[in-house]
>>> print(open('run-v6.cif').read())   # mmCIF, C-alpha atoms
data_target
#
loop_
_atom_site.group_PDB
_atom_site.id
_atom_site.type_symbol
_atom_site.label_atom_id
_atom_site.label_comp_id
_atom_site.auth_asym_id
_atom_site.auth_seq_id
_atom_site.Cartn_x
_atom_site.Cartn_y
_atom_site.Cartn_z
ATOM 1 C CA MET P 10 -111.028 -158.002 232.322
ATOM 2 C CA LYS P 11 -112.594 -158.922 235.641
ATOM 3 C CA PRO P 12 -110.594 -161.663 237.406
ATOM 4 C CA ARG P 13 -112.085 -165.076 236.695
ATOM 5 C CA LEU P 14 -112.373 -168.077 238.968
ATOM 6 C CA THR P 15 -111.864 -171.534 237.444
ATOM 7 C CA LEU P 16 -112.885 -174.887 238.893
ATOM 8 C CA GLY P 17 -110.481 -177.556 237.680
ATOM 9 C CA PRO P 18 -111.577 -181.126 236.933
ATOM 10 C CA VAL P 19 -112.254 -183.620 239.709
ATOM 11 C CA LEU P 20 -109.036 -185.618 239.928
ATOM 12 C CA PHE P 21 -110.220 -188.324 242.332
ATOM 13 C CA ASN P 22 -112.287 -191.447 241.725
ATOM 14 C CA TRP P 23 -115.580 -190.368 243.271
ATOM 15 C CA PRO P 24 -118.752 -192.465 242.836
ATOM 16 C CA ALA P 25 -120.672 -191.416 239.729
ATOM 17 C CA ASP P 26 -123.651 -190.053 241.643
ATOM 18 C CA ARG P 27 -121.410 -187.979 243.890
ATOM 19 C CA TRP P 28 -119.453 -186.729 240.850
ATOM 20 C CA ARG P 29 -122.714 -185.689 239.137
ATOM 21 C CA ASP P 30 -124.178 -184.059 242.255
ATOM 22 C CA PHE P 31 -120.927 -182.183 242.884
ATOM 23 C CA TYR P 32 -121.113 -180.490 239.492
ATOM 24 C CA PHE P 33 -124.840 -179.862 239.847
ATOM 25 C CA ARG P 34 -124.190 -178.023 243.106
ATOM 26 C CA MET P 35 -121.257 -176.087 241.631
ATOM 27 C CA ALA P 36 -123.495 -175.066 238.735
ATOM 28 C CA ASP P 37 -126.264 -173.860 241.029
ATOM 29 C CA GLU P 38 -124.368 -172.381 243.978
ATOM 30 C CA ALA P 39 -120.683 -171.712 243.297
ATOM 31 C CA PRO P 40 -119.533 -168.283 242.030
ATOM 32 C CA VAL P 41 -117.054 -169.737 239.541
ATOM 33 C CA ASP P 42 -116.792 -168.480 235.980
ATOM 34 C CA THR P 43 -115.211 -171.475 234.261
ATOM 35 C CA VAL P 44 -115.565 -175.194 234.972
ATOM 36 C CA VAL P 45 -113.223 -177.806 233.509
ATOM 37 C CA VAL P 46 -114.810 -181.251 233.179
ATOM 38 C CA GLY P 47 -113.329 -184.622 232.295
ATOM 39 C CA GLU P 48 -111.519 -187.666 233.641
ATOM 40 C CA ILE P 49 -107.877 -186.826 233.122
ATOM 41 C CA VAL P 50 -106.003 -189.156 235.512
ATOM 42 C CA CYS P 51 -107.060 -192.694 234.527
ATOM 43 C CA PHE P 52 -108.771 -193.766 231.314
ATOM 44 C CA LYS P 53 -110.263 -196.802 233.084
ATOM 45 C CA ARG P 54 -112.509 -194.511 235.158
ATOM 46 C CA VAL P 55 -114.189 -192.873 232.148
ATOM 47 C CA PRO P 56 -117.125 -195.340 231.783
ATOM 48 C CA PHE P 57 -118.249 -194.627 235.346
ATOM 49 C CA PHE P 58 -119.105 -191.008 234.487
ATOM 50 C CA ALA P 59 -120.183 -191.380 230.861
ATOM 51 C CA ASP P 60 -123.918 -191.621 231.572
ATOM 52 C CA ALA P 61 -123.849 -188.467 233.715
ATOM 53 C CA MET P 62 -121.671 -186.351 231.426
ATOM 54 C CA ASP P 63 -124.420 -184.866 229.236
ATOM 55 C CA ASP P 64 -126.518 -183.910 232.268
ATOM 56 C CA VAL P 65 -123.526 -182.282 233.938
ATOM 57 C CA LEU P 66 -122.564 -180.277 230.860
ATOM 58 C CA THR P 67 -126.167 -179.163 230.341
ATOM 59 C CA ARG P 68 -126.535 -178.099 233.981
ATOM 60 C CA LEU P 69 -123.284 -176.117 233.936
ATOM 61 C CA THR P 70 -123.934 -174.331 230.637
ATOM 62 C CA SER P 71 -127.532 -173.569 231.627
ATOM 63 C CA ALA P 72 -126.170 -171.917 234.778
ATOM 64 C CA GLY P 73 -124.075 -169.592 232.617
ATOM 65 C CA LYS P 74 -120.711 -171.230 233.326
ATOM 66 C CA GLU P 75 -117.976 -171.302 230.717
ATOM 67 C CA VAL P 76 -117.281 -175.034 230.304
ATOM 68 C CA TRP P 77 -114.097 -176.620 228.997
ATOM 69 C CA LEU P 78 -113.596 -180.318 228.290
ATOM 70 C CA ALA P 79 -110.262 -181.616 229.547
ATOM 71 C CA SER P 80 -107.953 -184.037 227.771
ATOM 72 C CA PRO P 81 -106.096 -186.769 229.730
ATOM 73 C CA ILE P 82 -102.714 -186.059 231.308
ATOM 74 C CA LEU P 83 -101.079 -189.241 230.002
ATOM 75 C CA VAL P 84 -102.206 -191.242 226.983
ATOM 76 C CA GLY P 85 -100.722 -194.694 226.485
ATOM 77 C CA SER P 86 -102.626 -197.359 224.564
ATOM 78 C CA GLU P 87 -104.056 -197.059 221.084
ATOM 79 C CA ARG P 88 -107.534 -197.239 222.612
ATOM 80 C CA GLU P 89 -106.731 -194.204 224.749
ATOM 81 C CA ARG P 90 -105.309 -192.343 221.757
ATOM 82 C CA ALA P 91 -108.455 -193.059 219.743
ATOM 83 C CA ALA P 92 -110.644 -191.836 222.609
ATOM 84 C CA MET P 93 -108.631 -188.617 222.883
ATOM 85 C CA ARG P 94 -108.894 -188.014 219.143
ATOM 86 C CA ASP P 95 -112.671 -188.447 219.353
ATOM 87 C CA LEU P 96 -112.833 -186.084 222.327
ATOM 88 C CA VAL P 97 -110.819 -183.370 220.599
ATOM 89 C CA ARG P 98 -112.645 -183.661 217.305
ATOM 90 C CA CYS P 99 -116.160 -183.441 218.789
ATOM 91 C CA ASP P 100 -115.770 -179.618 218.791
ATOM 92 C CA ILE P 101 -118.839 -179.122 221.022
ATOM 93 C CA LEU P 102 -117.096 -177.187 223.788
ATOM 94 C CA PRO P 103 -113.665 -175.566 224.120
ATOM 95 C CA MET P 104 -110.874 -177.931 225.100
ATOM 96 C CA GLU P 105 -108.194 -177.766 227.772
ATOM 97 C CA ALA P 106 -105.109 -179.652 226.604
ATOM 98 C CA ASN P 107 -103.172 -181.533 229.257
ATOM 99 C CA ASP P 108 -100.595 -183.332 227.127
ATOM 100 C CA MET P 109 -98.642 -182.695 223.940
ATOM 101 C CA GLY P 110 -100.740 -185.115 221.891
ATOM 102 C CA ALA P 111 -103.856 -183.050 222.549
ATOM 103 C CA LEU P 112 -101.951 -179.879 221.651
ATOM 104 C CA ALA P 113 -101.015 -181.365 218.292
ATOM 105 C CA LEU P 114 -104.642 -182.223 217.543
ATOM 106 C CA LEU P 115 -105.839 -178.767 218.629
ATOM 107 C CA GLU P 116 -103.420 -176.732 216.515
ATOM 108 C CA GLY P 117 -105.223 -173.858 214.859
ATOM 109 C CA ARG P 118 -108.247 -174.050 217.166
ATOM 110 C CA ARG P 119 -108.819 -171.810 220.161
ATOM 111 C CA HIS P 120 -108.089 -173.810 223.301
ATOM 112 C CA ALA P 121 -106.760 -173.630 226.852
ATOM 113 C CA VAL P 122 -103.571 -175.221 228.151
ATOM 114 C CA GLY P 123 -103.772 -177.003 231.490
ATOM 115 C CA PRO P 124 -101.237 -176.972 234.339
ATOM 116 C CA PHE P 125 -99.957 -180.444 233.414
ATOM 117 C CA ILE P 126 -98.068 -179.074 230.407
ATOM 118 C CA ASN P 127 -94.725 -177.538 231.391
ATOM 119 C CA SER P 128 -95.125 -173.842 230.526
ATOM 120 C CA TYR P 129 -91.978 -172.509 232.174
ATOM 121 C CA ASN P 130 -90.753 -169.654 229.961
ATOM 122 C CA GLU P 131 -91.712 -166.872 227.575
ATOM 123 C CA ALA P 132 -90.736 -168.823 224.452
ATOM 124 C CA THR P 133 -93.129 -171.601 225.416
ATOM 125 C CA LEU P 134 -95.972 -169.107 225.885
ATOM 126 C CA ALA P 135 -95.264 -167.588 222.469
ATOM 127 C CA TRP P 136 -95.261 -171.041 220.860
ATOM 128 C CA LEU P 137 -98.531 -171.971 222.539
ATOM 129 C CA ALA P 138 -100.194 -168.679 221.577
ATOM 130 C CA ALA P 139 -99.136 -169.110 217.949
ATOM 131 C CA ARG P 140 -100.829 -172.527 217.873
ATOM 132 C CA GLY P 141 -104.164 -171.186 219.151
ATOM 133 C CA ALA P 142 -103.934 -171.163 222.943
ATOM 134 C CA MET P 143 -106.138 -168.530 224.574
ATOM 135 C CA SER P 144 -105.250 -169.341 228.188
ATOM 136 C CA VAL P 145 -102.360 -171.081 229.934
ATOM 137 C CA SER P 146 -102.558 -172.485 233.465
ATOM 138 C CA LEU P 147 -99.060 -172.310 234.908
ATOM 139 C CA PRO P 148 -97.446 -175.246 236.758
ATOM 140 C CA ALA P 149 -97.988 -175.069 240.513
ATOM 141 C CA GLU P 150 -94.275 -175.164 241.357
ATOM 142 C CA LEU P 151 -93.371 -171.808 239.802
ATOM 143 C CA PRO P 152 -92.109 -169.096 242.203
ATOM 144 C CA ALA P 153 -93.526 -165.579 242.245
ATOM 145 C CA ALA P 154 -90.665 -164.114 240.196
ATOM 146 C CA SER P 155 -91.318 -166.546 237.359
ATOM 147 C CA VAL P 156 -95.077 -165.990 237.486
ATOM 148 C CA ALA P 157 -94.512 -162.230 237.169
ATOM 149 C CA VAL P 158 -92.284 -162.659 234.108
ATOM 150 C CA LEU P 159 -94.704 -165.044 232.431
ATOM 151 C CA ALA P 160 -97.751 -162.903 233.203
ATOM 152 C CA LYS P 161 -96.088 -159.919 231.520
ATOM 153 C CA ALA P 162 -95.084 -161.989 228.499
ATOM 154 C CA ALA P 163 -98.604 -163.403 228.232
ATOM 155 C CA ALA P 164 -100.136 -159.932 228.296
ATOM 156 C CA ASP P 165 -97.938 -158.947 225.356
ATOM 157 C CA LEU P 166 -99.180 -162.028 223.493
ATOM 158 C CA GLY P 167 -102.856 -161.432 224.299
ATOM 159 C CA LEU P 168 -102.845 -164.633 226.346
ATOM 160 C CA ASP P 169 -104.612 -165.211 229.682
ATOM 161 C CA VAL P 170 -102.510 -166.647 232.503
ATOM 162 C CA GLU P 171 -104.003 -168.802 235.229
ATOM 163 C CA VAL P 172 -102.531 -169.806 238.600
ATOM 164 C CA GLN P 173 -103.802 -172.546 240.895
ATOM 165 C CA VAL P 174 -104.636 -170.994 244.259
ATOM 166 C CA PHE P 175 -106.282 -173.897 246.074
ATOM 167 C CA GLY P 176 -106.084 -177.678 246.198
ATOM 168 C CA ARG P 177 -103.395 -180.328 246.164
ATOM 169 C CA ALA P 178 -100.550 -179.474 243.808
ATOM 170 C CA PRO P 179 -100.125 -181.982 240.956
ATOM 171 C CA LEU P 180 -96.520 -183.181 240.968
ATOM 172 C CA ALA P 181 -96.194 -186.157 238.614
ATOM 173 C CA ILE P 182 -98.062 -188.720 236.531
ATOM 174 C CA SER P 183 -96.923 -192.254 235.734
ATOM 175 C CA ALA P 184 -97.940 -195.221 233.621
ATOM 176 C CA ARG P 185 -97.726 -197.257 236.837
ATOM 177 C CA CYS P 186 -100.638 -197.186 239.290
ATOM 178 C CA TYR P 187 -99.237 -196.605 242.759
ATOM 179 C CA HIS P 188 -102.648 -197.054 244.315
ATOM 180 C CA ALA P 189 -102.952 -200.581 242.942
ATOM 181 C CA ARG P 190 -99.360 -201.446 243.863
ATOM 182 C CA ALA P 191 -99.906 -200.323 247.463
ATOM 183 C CA HIS P 192 -102.751 -202.858 247.707
ATOM 184 C CA GLY P 193 -100.741 -205.689 246.114
ATOM 185 C CA LEU P 194 -102.627 -205.411 242.810
ATOM 186 C CA HIS P 195 -101.600 -204.969 239.182
ATOM 187 C CA LYS P 196 -102.804 -201.958 237.216
ATOM 188 C CA ASP P 197 -104.886 -204.111 234.859
ATOM 189 C CA GLY P 198 -106.642 -205.717 237.842
ATOM 190 C CA CYS P 199 -106.687 -202.712 240.148
ATOM 191 C CA GLN P 200 -110.270 -203.271 241.358
ATOM 192 C CA PHE P 201 -110.496 -199.465 241.320
ATOM 193 C CA VAL P 202 -109.057 -199.237 244.833
ATOM 194 C CA CYS P 203 -108.413 -195.527 244.249
ATOM 195 C CA GLY P 204 -112.136 -195.103 244.898
ATOM 196 C CA ASN P 205 -111.488 -195.893 248.559
ATOM 197 C CA ASP P 206 -109.685 -192.565 248.997
ATOM 198 C CA ALA P 207 -111.927 -189.618 248.133
ATOM 199 C CA ASP P 208 -109.086 -187.171 248.733
ATOM 200 C CA GLY P 209 -106.202 -189.371 247.646
ATOM 201 C CA MET P 210 -104.109 -191.892 249.583
ATOM 202 C CA PRO P 211 -101.625 -190.358 252.051
ATOM 203 C CA VAL P 212 -97.977 -191.336 251.792
ATOM 204 C CA ARG P 213 -95.746 -191.128 254.857
ATOM 205 C CA THR P 214 -92.009 -191.325 255.362
ATOM 206 C CA LEU P 215 -90.406 -194.235 257.233
ATOM 207 C CA ASP P 216 -90.695 -192.253 260.462
ATOM 208 C CA GLY P 217 -94.392 -191.637 259.917
ATOM 209 C CA GLN P 218 -94.335 -188.037 258.695
ATOM 210 C CA PRO P 219 -96.917 -186.970 256.039
ATOM 211 C CA PHE P 220 -95.114 -186.595 252.721
ATOM 212 C CA LEU P 221 -97.166 -186.916 249.518
ATOM 213 C CA THR P 222 -100.574 -188.057 248.264
ATOM 214 C CA VAL P 223 -101.213 -190.766 245.678
ATOM 215 C CA ASN P 224 -104.226 -190.669 243.384
ATOM 216 C CA GLY P 225 -104.082 -193.702 241.117
ATOM 217 C CA THR P 226 -101.243 -192.973 238.701
ATOM 218 C CA GLN P 227 -100.854 -189.424 239.984
ATOM 219 C CA THR P 228 -98.541 -188.060 242.672
ATOM 220 C CA MET P 229 -99.729 -184.926 244.479
ATOM 221 C CA SER P 230 -98.681 -182.759 247.399
ATOM 222 C CA HIS P 231 -99.722 -183.775 250.892
ATOM 223 C CA GLY P 232 -101.069 -180.340 251.744
ATOM 224 C CA TYR P 233 -103.413 -178.032 249.866
ATOM 225 C CA LEU P 234 -101.888 -175.258 247.842
ATOM 226 C CA GLY P 235 -103.304 -172.112 249.439
ATOM 227 C CA LEU P 236 -102.631 -168.738 247.841
ATOM 228 C CA ALA P 237 -105.568 -166.702 249.148
ATOM 229 C CA ALA P 238 -103.216 -164.216 250.831
ATOM 230 C CA GLU P 239 -101.199 -163.854 247.617
ATOM 231 C CA MET P 240 -104.091 -163.140 245.256
ATOM 232 C CA GLY P 241 -103.757 -159.365 245.423
ATOM 233 C CA ARG P 242 -100.144 -159.655 244.427
ATOM 234 C CA LEU P 243 -101.009 -162.087 241.643
ATOM 235 C CA MET P 244 -103.557 -159.652 240.230
ATOM 236 C CA GLU P 245 -100.946 -156.886 240.315
ATOM 237 C CA MET P 246 -98.685 -159.146 238.247
ATOM 238 C CA GLY P 247 -101.404 -159.413 235.620
ATOM 239 C CA VAL P 248 -102.769 -162.864 236.434
ATOM 240 C CA GLY P 249 -106.422 -162.899 235.410
ATOM 241 C CA ARG P 250 -107.545 -166.468 236.112
ATOM 242 C CA PHE P 251 -107.412 -168.323 239.408
ATOM 243 C CA ARG P 252 -107.878 -172.097 239.661
ATOM 244 C CA LEU P 253 -109.463 -174.122 242.438
ATOM 245 C CA SER P 254 -108.825 -177.873 242.367
ATOM 246 C CA PRO P 255 -111.730 -179.884 243.844
ATOM 247 C CA GLN P 256 -111.040 -181.561 247.183
ATOM 248 C CA ASN P 257 -113.095 -183.615 249.622
ATOM 249 C CA MET P 258 -114.649 -180.628 251.391
ATOM 250 C CA ASP P 259 -117.272 -177.941 250.832
ATOM 251 C CA MET P 260 -116.026 -176.484 247.545
ATOM 252 C CA VAL P 261 -118.953 -174.052 247.297
ATOM 253 C CA ALA P 262 -117.712 -172.419 250.496
ATOM 254 C CA VAL P 263 -114.152 -172.398 249.137
ATOM 255 C CA ALA P 264 -115.255 -170.823 245.843
ATOM 256 C CA THR P 265 -117.371 -168.234 247.682
ATOM 257 C CA ALA P 266 -114.408 -167.233 249.846
ATOM 258 C CA PHE P 267 -112.010 -166.871 246.907
ATOM 259 C CA ARG P 268 -114.604 -164.960 244.895
ATOM 260 C CA ALA P 269 -114.947 -162.528 247.795
ATOM 261 C CA VAL P 270 -111.171 -161.976 247.780
ATOM 262 C CA LEU P 271 -111.185 -161.311 244.029
ATOM 263 C CA ASP P 272 -114.065 -158.852 244.429
ATOM 264 C CA GLY P 273 -112.313 -157.024 247.277
ATOM 265 C CA ASP P 274 -114.964 -158.015 249.812
ATOM 266 C CA ARG P 275 -112.673 -160.139 251.997
ATOM 267 C CA ASP P 276 -109.044 -160.016 252.987
ATOM 268 C CA GLY P 277 -106.962 -162.822 251.511
ATOM 269 C CA ALA P 278 -105.012 -163.405 254.714
ATOM 270 C CA GLU P 279 -108.294 -163.768 256.598
ATOM 271 C CA VAL P 280 -109.507 -166.385 254.100
ATOM 272 C CA ALA P 281 -106.179 -168.210 254.328
ATOM 273 C CA ALA P 282 -106.456 -168.338 258.124
ATOM 274 C CA GLU P 283 -110.008 -169.670 257.845
ATOM 275 C CA LEU P 284 -108.976 -172.374 255.379
ATOM 276 C CA SER P 285 -106.065 -173.416 257.570
ATOM 277 C CA ARG P 286 -108.636 -174.238 260.255
ATOM 278 C CA THR P 287 -111.244 -175.946 258.068
ATOM 279 C CA ALA P 288 -109.308 -177.752 255.320
ATOM 280 C CA PRO P 289 -108.656 -181.481 255.870
ATOM 281 C CA ALA P 290 -104.954 -180.990 255.048
ATOM 282 C CA PRO P 291 -102.465 -178.223 255.903
ATOM 283 C CA LEU P 292 -102.035 -175.284 253.539
ATOM 284 C CA GLU P 293 -98.852 -174.868 251.491
ATOM 285 C CA ASN P 294 -97.452 -171.830 249.655
ATOM 286 C CA GLY P 295 -93.735 -172.564 249.645
ATOM 287 C CA PHE P 296 -93.392 -172.876 245.871
ATOM 288 C CA PHE P 297 -94.689 -169.349 245.350
ATOM 289 C CA HIS P 298 -92.214 -167.960 247.878
ATOM 290 C CA ASN P 299 -89.258 -169.883 246.422
ATOM 291 C CA MET P 300 -89.057 -172.149 249.450
ATOM 292 C CA ALA P 301 -89.755 -175.823 250.046
ATOM 293 C CA GLY P 302 -93.128 -176.431 248.434
ATOM 294 C CA ALA P 303 -94.614 -178.066 251.521
ATOM 295 C CA SER P 304 -93.935 -175.047 253.716
ATOM 296 C CA TYR P 305 -96.431 -172.333 254.554
ATOM 297 C CA GLY P 306 -95.895 -168.816 255.773
ATOM 298 C CA ALA P 307 -97.592 -165.446 255.729
ATOM 299 C CA GLU P 308 -97.435 -163.406 252.547
ATOM 300 C CA LEU P 309 -93.893 -162.106 252.186
ATOM 301 C CA GLY P 310 -93.081 -158.767 250.635
ATOM 302 C CA THR P 311 -90.157 -160.185 248.692
ATOM 303 C CA ASP P 312 -89.005 -163.663 247.732
ATOM 304 C CA ALA P 313 -85.607 -165.243 248.039
#
>>> encode(input="run-v6.cif", output="structure tokens")
Amino acid sequence: MKPRLTLGPVLFNWPADRWRDFYFRMADEAPVDTVVVGEIVCFKRVPFFADAMDDVLTRLTSAGKEVWLASPILVGSERERAAMRDLVRCDILPMEANDMGALALLEGRRHAVGPFINSYNEATLAWLAARGAMSVSLPAELPAASVAVLAKAAADLGLDVEVQVFGRAPLAISARCYHARAHGLHKDGCQFVCGNDADGMPVRTLDGQPFLTVNGTQTMSHGYLGLAAEMGRLMEMGVGRFRLSPQNMDMVAVATAFRAVLDGDRDGAEVAAELSRTAPAPLENGFFHNMAGASYGAELGTDA
């Protein structure tokens, strides 16, 4: 199968018109094969995008994109559980499950598994495949050796494996809203302050060094995961899907560059060097090379 490029869901609280126009442009201009759509970080944001959702889905499908609807990462209240049940049961488009509750509701139906579910070993892949998973997006913190093992196991199961190759790495999700707390607000009266940070709110250490990024209830890496130089090696392992996570930059240009690497038209190291100059945050590939996740180095022939 030809390697496929996936655009993950927008994780940040962008204004509704910007959110809609972003997907319209990705539908019309970006060489991505699959687009995952849905508010998965904070249930309170959902009403902002509801009126634009049908137009976005229509535009993407009309452009020939494979579209998946994404379930939330963390479901708490009964209202949120009811909304997730309604989302899963609509059965209009394939679903990407991002928590165990969604997996339970999707059992027996063909679905994808997002990177927010901990798929760390071969037994987990076998269990997911038996329940109807057709694709599994691996957690961003896995080193190359683990990705290779899981890609081989997935191939034996007839399962697609996906690896995130660009964008901030998702690290944790919490019932507490760090964004609201940082502004002296409670979660229930957050005033949607996460909307002030289109690329997340930077977190620094006591001595002022960049450390992490906060996006509402979500904790993310400070830098952008950047595996352009490693894509050839990932394809050799048997990875067939490559995920881009939307950031506050020209994502059409990012998708075009990664598509060129997949097609053999550009060198991955060249694209990585270009992104290191143009991305708003530094690139990181330490997880893949079994080093500190925030580190970045040239593609290494072997990993520690």
>>> resolve_selection(input="run-v6.cif", expression="the PyMOL selection byres ((chain P and resi 245-255) around 9)", output="NGL selection string")
:P and (10-21 or 144 or 146 or 156-158 or 160-161 or 163-164 or 169-178 or 240-244 or 256-258 or 260 or 263-264 or 267)
>>> write_last_selection(input="run-v6.cif", atoms="C-alpha atoms", output="PDB file, in the frame of the given file")
ATOM      1  CA  MET P  10    -111.028-158.002 232.322  1.00  0.00           C
ATOM      2  CA  LYS P  11    -112.594-158.922 235.641  1.00  0.00           C
ATOM      3  CA  PRO P  12    -110.594-161.663 237.406  1.00  0.00           C
ATOM      4  CA  ARG P  13    -112.085-165.076 236.695  1.00  0.00           C
ATOM      5  CA  LEU P  14    -112.373-168.077 238.968  1.00  0.00           C
ATOM      6  CA  THR P  15    -111.864-171.534 237.444  1.00  0.00           C
ATOM      7  CA  LEU P  16    -112.885-174.887 238.893  1.00  0.00           C
ATOM      8  CA  GLY P  17    -110.481-177.556 237.680  1.00  0.00           C
ATOM      9  CA  PRO P  18    -111.577-181.126 236.933  1.00  0.00           C
ATOM     10  CA  VAL P  19    -112.254-183.620 239.709  1.00  0.00           C
ATOM     11  CA  LEU P  20    -109.036-185.618 239.928  1.00  0.00           C
ATOM     12  CA  PHE P  21    -110.220-188.324 242.332  1.00  0.00           C
ATOM     13  CA  SER P 144    -105.250-169.341 228.188  1.00  0.00           C
ATOM     14  CA  SER P 146    -102.558-172.485 233.465  1.00  0.00           C
ATOM     15  CA  VAL P 156     -95.077-165.990 237.486  1.00  0.00           C
ATOM     16  CA  ALA P 157     -94.512-162.230 237.169  1.00  0.00           C
ATOM     17  CA  VAL P 158     -92.284-162.659 234.108  1.00  0.00           C
ATOM     18  CA  ALA P 160     -97.751-162.903 233.203  1.00  0.00           C
ATOM     19  CA  LYS P 161     -96.088-159.919 231.520  1.00  0.00           C
ATOM     20  CA  ALA P 163     -98.604-163.403 228.232  1.00  0.00           C
ATOM     21  CA  ALA P 164    -100.136-159.932 228.296  1.00  0.00           C
ATOM     22  CA  ASP P 169    -104.612-165.211 229.682  1.00  0.00           C
ATOM     23  CA  VAL P 170    -102.510-166.647 232.503  1.00  0.00           C
ATOM     24  CA  GLU P 171    -104.003-168.802 235.229  1.00  0.00           C
ATOM     25  CA  VAL P 172    -102.531-169.806 238.600  1.00  0.00           C
ATOM     26  CA  GLN P 173    -103.802-172.546 240.895  1.00  0.00           C
ATOM     27  CA  VAL P 174    -104.636-170.994 244.259  1.00  0.00           C
ATOM     28  CA  PHE P 175    -106.282-173.897 246.074  1.00  0.00           C
ATOM     29  CA  GLY P 176    -106.084-177.678 246.198  1.00  0.00           C
ATOM     30  CA  ARG P 177    -103.395-180.328 246.164  1.00  0.00           C
ATOM     31  CA  ALA P 178    -100.550-179.474 243.808  1.00  0.00           C
ATOM     32  CA  MET P 240    -104.091-163.140 245.256  1.00  0.00           C
ATOM     33  CA  GLY P 241    -103.757-159.365 245.423  1.00  0.00           C
ATOM     34  CA  ARG P 242    -100.144-159.655 244.427  1.00  0.00           C
ATOM     35  CA  LEU P 243    -101.009-162.087 241.643  1.00  0.00           C
ATOM     36  CA  MET P 244    -103.557-159.652 240.230  1.00  0.00           C
ATOM     37  CA  GLN P 256    -111.040-181.561 247.183  1.00  0.00           C
ATOM     38  CA  ASN P 257    -113.095-183.615 249.622  1.00  0.00           C
ATOM     39  CA  MET P 258    -114.649-180.628 251.391  1.00  0.00           C
ATOM     40  CA  MET P 260    -116.026-176.484 247.545  1.00  0.00           C
ATOM     41  CA  VAL P 263    -114.152-172.398 249.137  1.00  0.00           C
ATOM     42  CA  ALA P 264    -115.255-170.823 245.843  1.00  0.00           C
ATOM     43  CA  PHE P 267    -112.010-166.871 246.907  1.00  0.00           C
TER      44      PHE P 267
END
>>> resolve_selection(input="run-v6.cif", expression="the PyMOL selection byres ((chain P and resi 63) around 12)", output="ChimeraX atom specification")
/P:29,32-33,46-47,58-62,64-71,78,101-102
>>> closest_residue(input="run-v6.cif", among="P:Leu234, P:Leu215, P:Val84, P:Leu168", to="Gly295 of chain P", atoms="all atoms listed in the file")
P:Leu234
>>> resolve_selection(input="run-v6.cif", expression="the PyMOL selection byres ((chain P and resi 111) around 10)", output="list in words")
Ala79, Ser80, Pro81, Ile82, Val84, Arg90, Met93, Arg94, Leu96, Val97, Met104, Glu105, Ala106, Asn107, Asp108, Met109, Gly110, Leu112, Ala113, Leu114, Leu115, Glu116 and Val122 of chain P
>>> closest_residue(input="run-v6.cif", among="P:Asn205, P:Arg98, P:Gly123, P:Pro152", to="Phe296 of chain P", atoms="all atoms listed in the file")
P:Pro152
